[in-house]
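Below: one structure, written as C-alpha cells.
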Amino acid sequence: MSGTEQETQTSNSIANLQVLGFVLKQWLRRPVLLTGMISFITLATFMDLMIPLAAGRLIDALSAGPDSGSPWPAYLTYLGVAVAFYAFRQAMSRCEVPFSSANMADMTSDAFRKVQRFSLDWHANTFAGSVVRKITRGMWAYDDITINLVAGIFPSIGVMLGVSIIMALRWPLVGGVVFVIVLAFVVLSLTLSRYYIRPQNIRSNALDSEIGGSLSDAIGGIATVKSFGSEAREDGRFHDLVWRWRTETKKTWNRYVNTWLVNIVTDLSMQAGLVGLLVWQWSQGAATAGDVVAALAAYMLVSGYMRRFGEQIQQVQRGMDEIRDLVIFDQLESEVQDGEDAPEFTPGKGDIRFEDVDFTYAGQERKLYEDFSLHIKPGEKVALVGPTGSGKSSFVKLVQRLYDIDTGAVMIDGQDVRDVQQASLRQAIALVPQDPALFHRSIAENIAYGRPGATHEDVVAAVKAANADEFIDRLPQGYDTLVGERGVKLSGGERQRVAIARAILADAPILIFDEATSSLDNETERDVQMAMDTVMKDKTTIIIAHRLSTIRDADRILVFENGRIVQQGTHAVLAGQAGGTYARLADLAAG
C-alpha cells in the first residue's frame with residue numbers, strides 16, 4: 001500500500017464528529033470571545049429576518065396614501081433594522097479576529113509540540129515536508145471552519161427556518177412549502193458533502209501532503225541530485241506527482257460544481273413556491289401588496305443564504321478534511337511518556353546499569369536484548385564495536401530513553417530512566433553523532449544549543465577546546481555565520497567540531513560519540529580526536545566506532561553480536577585473543 005493510500009485510509013477512519021469535537025475544543029479555549037461571537041451573530045440574524053417584514057410594513061404605509069398617516073416611522077424602523085444588522089455583524093467580527101488568530105496560534109503550537117514528542121520511528125517513516133504541509137494546512141482549515149460555521153452556516157439555518165416559521169404563522173400553506181424546500185435542501189447538502197465530496201477530498205489532500213514531502217525530500221537532497229546529474233529525473237518524478245494531484249483535485253472540484261445544481265433547483269423551487277403562493281393569496285384578498293413585497297424580500301434573503309449555505313457546507317467539509325491530520329496528531333500518544341508527577345533527573349557522576357533488560361523493536365518478533373546486564377562505572381571510557389545490527393546504537397538509544405524496554409531496568413546514577421522526566425535525563429547526556437544535524441542558525445547558536453543562556457565567552461572557550469576556533473575565525477561573519485540547512489555550508493570535519501564544542505559547552509556527565517570520526521579523512525580525524533580527548537576528561541564516555549584506531553585507549557571495549565556482549569576487555573587483551581570477533585575485526589582494519 002502506498003503512502004498516499006495509507007494516509008487516505010487513516011483520514012477516512014476519522015469521523016466528522018471527531019473533527020468537530022476537536023474544533024469545539026479549540027473554541028472552548030476562549031469562552032468569553034466565543035460567547036460574544038455567538039451572541040452578536042444571533043442578534044444580527046434576528047435583524048436580518050426583520051428586514052423583509054420592515055420592508056413590507058413600509059410598502060403598506062406608502063400604498064395607504066398620504067392621508068392615512070406618516071410613513072416615516074415605518075421608514076425609520078426599516079433603516080434602524082438594517083443599521084442594527086450591520087452593527088451586530090461588525091461586533092461579531094471584532095470578536096472573531098482575536099478569537100481565531102489566538103486559537104490558530106495555540107493549535108499550531110500544540111501540533112508542533114506533539115510531533116516533536118513522537119518516536120524516532122514515527123519520524124523515520126514520515127516525510128518532514130508532509131508534516132509541515134499538514135500542520136500549516138490544518139491551521140488555515142480551522143479558520144475556514146470557524147468563520148463558515150459561526151458567521152455562515154448557523155445564521156443560514158436560522159434565517160431559513162426563521163422565514164419558514166414567520167410565513168407559517170401568517171399563511172400555514174406558504175410556510176409549510178418553504179419549510180419542506182429548506183429541509184430538503186439542508187439534508188441533501190449535508191449528505192452530498194459527507195458521502196460525495198468528502199472521499200474525493202481526502203484523496204486529493206493526501207496527494208497534496210505527498211507534494212510537500214516530495215519537495216522537501218528532493219530539495220533536502222539537492223547535493224545528491226546534482227552529484228548524479230539527476231535534475232531531469234527529479235523534474236519528471238515531481239511532474240508525475242503534481243499531475244496525479246491535478247487529476248484527483250479536478251475530480252474534487254467537479255464534485256463541488258455538480259453539487260451547485262442543488263442550489264439552482266432549490267432556488268427555482270423556492271422562487272416558484274414562495275412568490276407564486278403569495279401572489280395567489282393576494283388574488284384571494286388574503287395578502288396585501290406589502291405582504292407580497294415582504295415575500296419577495298424574504299425570497300431574496302433566503303435565496304442568498306441558501307446559495308451561501310451550499311458553498312459554506314462545502315468549505316466546512318473541505319476544512320474538516322484538511323484539519324483531519326491535526327486531529328490524528330492530537331489523538332496519537334507518544335510511545336515514550338513521562339510518568340505522572342515524574343521528577344527531574346538528578347545528574348550524578350554518570351553511573352550506568354542495565355539490569356536484566358529485554359527489548360524488542362515495534363513490529364519485530366525477535367528480541368534484540370534478552371536478560372541483558374551491564375555496568376559502566378562513573379568516568380569510565382567504554383567503546384562499543386560489532387557488526388551492523390548487533391545492538392550498539394540501540395544501547396545508547398536506551399540510555400537516552402528514546403525507547404522503553406520490555407522488562408528489566410536501565411539505571412543512571414541510581415535512577416530508573418522510566419521514572420524521571422525525559423528532557424532532564426537527555427540534558428545530562430551529550431551526543432556527538434556521525435553526521436551532526438545543525439540548525440539553519442548561527443554557529444554560536446548551534447554551539448550554545450545544549451546550554452541556553454551561555455555567554456559568548458563560554459561559547460568561545462568551548463570552541464577553542466574543540467579545536468574549532470581556526471576555521472570559525474576564517475568565516476565571513478565568524479560566530480554569526482549561518483550554517484545553512486543541516487549545516488550544509490560546513491564540511492564534515494567542521495560540523496563534527498561544532499558538535500564537539502556543543503558537547504563541551506553542555507558539560508554533561510555522560511558523553512556519547514556515535515561514529516564521530518568514521519566519515520573523516522586522517523588529518524581531520526586527528527584534529528577531531530584531539531578535541532574528543534579534551535571533552536572526555538572526567539566524563540563517563542560511550543564510543544561507538546568502526547575505526548578501531550580511535551578506541552585503542554578505551555578503558556573497556558565491548559564487542560556486540562546479535563544483542564549480546566560476546567567479548568570485553570582492553571584493546572591489547574582482545575586483540576590477543578586469536579579467533580575472537582575483535583581480533584577478526586582488527587585484522588580486517590589492518591588489511
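Scheme for the C-alpha cells: letters A, B, ... for chains in order shown; per-chain residue numbers from 1; ligand numbers from 1 in order shown.
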
If we count only C-alpha atoms and set the cut-off at 8 Å, which residues sit around Arg497 of chain A, ignoring sequence neighbours fewer than 4 positions away in its own chain? Please answer as a PyMOL selection string. chain A and resi 463+466-468+493+501+528+531

For the residues selected in the previous step, produce a file with N, CA and C atoms as an mmCIF file, in the first residue's frame.
```cif
data_model
loop_
_atom_site.group_PDB
_atom_site.id
_atom_site.type_symbol
_atom_site.label_atom_id
_atom_site.label_comp_id
_atom_site.auth_asym_id
_atom_site.auth_seq_id
_atom_site.Cartn_x
_atom_site.Cartn_y
_atom_site.Cartn_z
ATOM 1 N N VAL A 463 34.728 26.395 21.901
ATOM 2 C CA VAL A 463 35.236 26.302 20.525
ATOM 3 C C VAL A 463 36.744 26.049 20.531
ATOM 4 N N ALA A 466 37.548 22.577 21.416
ATOM 5 C CA ALA A 466 37.213 21.643 20.339
ATOM 6 C C ALA A 466 38.081 21.843 19.104
ATOM 7 N N ASN A 467 39.109 22.699 19.190
ATOM 8 C CA ASN A 467 39.984 22.998 18.052
ATOM 9 C C ASN A 467 39.197 23.492 16.838
ATOM 10 N N ALA A 468 38.151 24.280 17.106
ATOM 11 C CA ALA A 468 37.305 24.775 16.018
ATOM 12 C C ALA A 468 37.479 26.272 15.792
ATOM 13 N N GLY A 493 34.156 17.660 8.740
ATOM 14 C CA GLY A 493 35.005 17.862 9.914
ATOM 15 C C GLY A 493 34.612 19.102 10.707
ATOM 16 N N ALA A 501 32.141 20.963 20.209
ATOM 17 C CA ALA A 501 32.096 22.198 21.015
ATOM 18 C C ALA A 501 30.767 22.301 21.751
ATOM 19 N N VAL A 528 39.877 16.044 15.222
ATOM 20 C CA VAL A 528 38.643 15.767 15.962
ATOM 21 C C VAL A 528 38.929 14.873 17.157
ATOM 22 N N ALA A 531 40.147 16.870 19.970
ATOM 23 C CA ALA A 531 39.032 17.579 20.601
ATOM 24 C C ALA A 531 38.219 16.613 21.473
#
```

Mind checking DSSP for segment 173-394 of chain A and telling me the alpha helix (DSSP H) residues as a ChimeraX atom specification? /A:173-192,198-220,222-227,231-270,276-283,289-331,392-394

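Of the residues under consideration (A:Leu192, A:Met411, A:Ile157, A:Ile512), A:Leu192 shows the shortest atom-to-atom contact distance to Gln314 of chain A when counting only C-alpha atoms.
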
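Comparing the minimum interatomic distances between Leu296 of chain A and each of A:Leu332, A:Val19, A:Val573, A:Pro52, counting only C-alpha atoms, we find that A:Pro52 sits nearest.
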
Please build the interface table for segment 313-377 of chain A against segment 246-269 of chain A with a cut-off of 12 Å, listing for each qualifying residue the nearest atom pair and the distance in Å to one decimal; count only C-alpha atoms, order rows by chain and increasing number, and write it as JSON lines.
```
{"residue": "A:Ile313", "atom": "CA", "partner": "A:Tyr256", "partner_atom": "CA", "distance": 10.4}
{"residue": "A:Gln314", "atom": "CA", "partner": "A:Tyr256", "partner_atom": "CA", "distance": 7.2}
{"residue": "A:Gln315", "atom": "CA", "partner": "A:Tyr256", "partner_atom": "CA", "distance": 9.8}
{"residue": "A:Gln317", "atom": "CA", "partner": "A:Tyr256", "partner_atom": "CA", "distance": 10.9}
{"residue": "A:Arg318", "atom": "CA", "partner": "A:Thr252", "partner_atom": "CA", "distance": 9.9}
```

Glu370 of chain A surroundings by only C-alpha atoms, 9 Å radius, close-in-sequence under 4 positions cut, as a PDB file with N, CA, C and O atoms, in the first residue's frame:
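Result file is result-v7.pdb:
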```
ATOM      1  N   ASP A 356      19.061  -6.911  33.626  1.00  0.00           N
ATOM      2  CA  ASP A 356      18.171  -7.942  33.069  1.00  0.00           C
ATOM      3  C   ASP A 356      17.198  -7.355  32.044  1.00  0.00           C
ATOM      4  O   ASP A 356      15.983  -7.572  32.112  1.00  0.00           O
ATOM      5  N   VAL A 357      17.727  -6.617  31.114  1.00  0.00           N
ATOM      6  CA  VAL A 357      16.902  -5.880  30.150  1.00  0.00           C
ATOM      7  C   VAL A 357      16.466  -6.776  29.001  1.00  0.00           C
ATOM      8  O   VAL A 357      17.289  -7.482  28.401  1.00  0.00           O
ATOM      9  N   ASP A 358      15.158  -6.759  28.721  1.00  0.00           N
ATOM     10  CA  ASP A 358      14.605  -7.330  27.487  1.00  0.00           C
ATOM     11  C   ASP A 358      14.101  -6.164  26.651  1.00  0.00           C
ATOM     12  O   ASP A 358      13.430  -5.259  27.170  1.00  0.00           O
ATOM     13  N   PHE A 359      14.399  -6.198  25.357  1.00  0.00           N
ATOM     14  CA  PHE A 359      13.949  -5.109  24.484  1.00  0.00           C
ATOM     15  C   PHE A 359      13.676  -5.644  23.091  1.00  0.00           C
ATOM     16  O   PHE A 359      14.491  -6.373  22.516  1.00  0.00           O
ATOM     17  N   THR A 360      12.508  -5.246  22.545  1.00  0.00           N
ATOM     18  CA  THR A 360      12.104  -5.643  21.193  1.00  0.00           C
ATOM     19  C   THR A 360      11.604  -4.412  20.461  1.00  0.00           C
ATOM     20  O   THR A 360      10.785  -3.655  21.003  1.00  0.00           O
ATOM     21  N   GLY A 563      22.769  -8.563  19.782  1.00  0.00           N
ATOM     22  CA  GLY A 563      22.208  -8.073  21.042  1.00  0.00           C
ATOM     23  C   GLY A 563      22.890  -8.616  22.282  1.00  0.00           C
ATOM     24  O   GLY A 563      22.371  -8.462  23.389  1.00  0.00           O
ATOM     25  N   ARG A 564      24.045  -9.264  22.123  1.00  0.00           N
ATOM     26  CA  ARG A 564      24.778  -9.797  23.276  1.00  0.00           C
ATOM     27  C   ARG A 564      26.212  -9.287  23.249  1.00  0.00           C
ATOM     28  O   ARG A 564      26.762  -8.984  22.188  1.00  0.00           O
TER      29      ARG A 564
END
```

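When only C-alpha atoms are used to compute distances to Thr455 of chain A, the closest of the residues A:Leu505, A:Phe560, A:Asn16, A:His440 turns out to be A:Leu505.
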
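Candidate residues A:Asp121, A:Met50, A:Tyr78, A:Ser109 were compared for distance to Gly162 of chain A, and the nearest is A:Met50, using only C-alpha atoms.
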
Which residues are near Ala84 of chain A? Cut-off 12 Å, only C-alpha atoms, ignore same chain within fewer than 3 positions. Put them as a PyMOL selection string. chain A and resi 40-51+76-81+87-91

Nearby residues (only C-alpha atoms) at most 12 Å from Glu322 of chain A, same-chain spacing under 2 positions excluded, as number ranges by chain: A: 8, 11-12, 14, 16, 19, 133-145, 198, 201-209, 315-320, 324-328

Might you pull out every residue within 9 Å of Arg451 of chain A, with only C-alpha atoms counted and same-chain residues fewer than 2 positions away left off, and present them as a ChimeraX atom specification? /A:427,447-449,453-454,502,505-507

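A straight line drawn from atom CA of Leu384 of chain A to atom CA of Lys349 of chain A is 20.3 Å long.
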
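Atom pair atom CA of His571 of chain A / atom CA of Ser393 of chain A has a distance of 20.5 Å (rounded to one decimal).
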
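Using only C-alpha atoms, the shortest contact distance between Val535 of chain A and any of A:Ala462, A:Ile551, A:Val483, A:Leu425 is found at A:Ala462.
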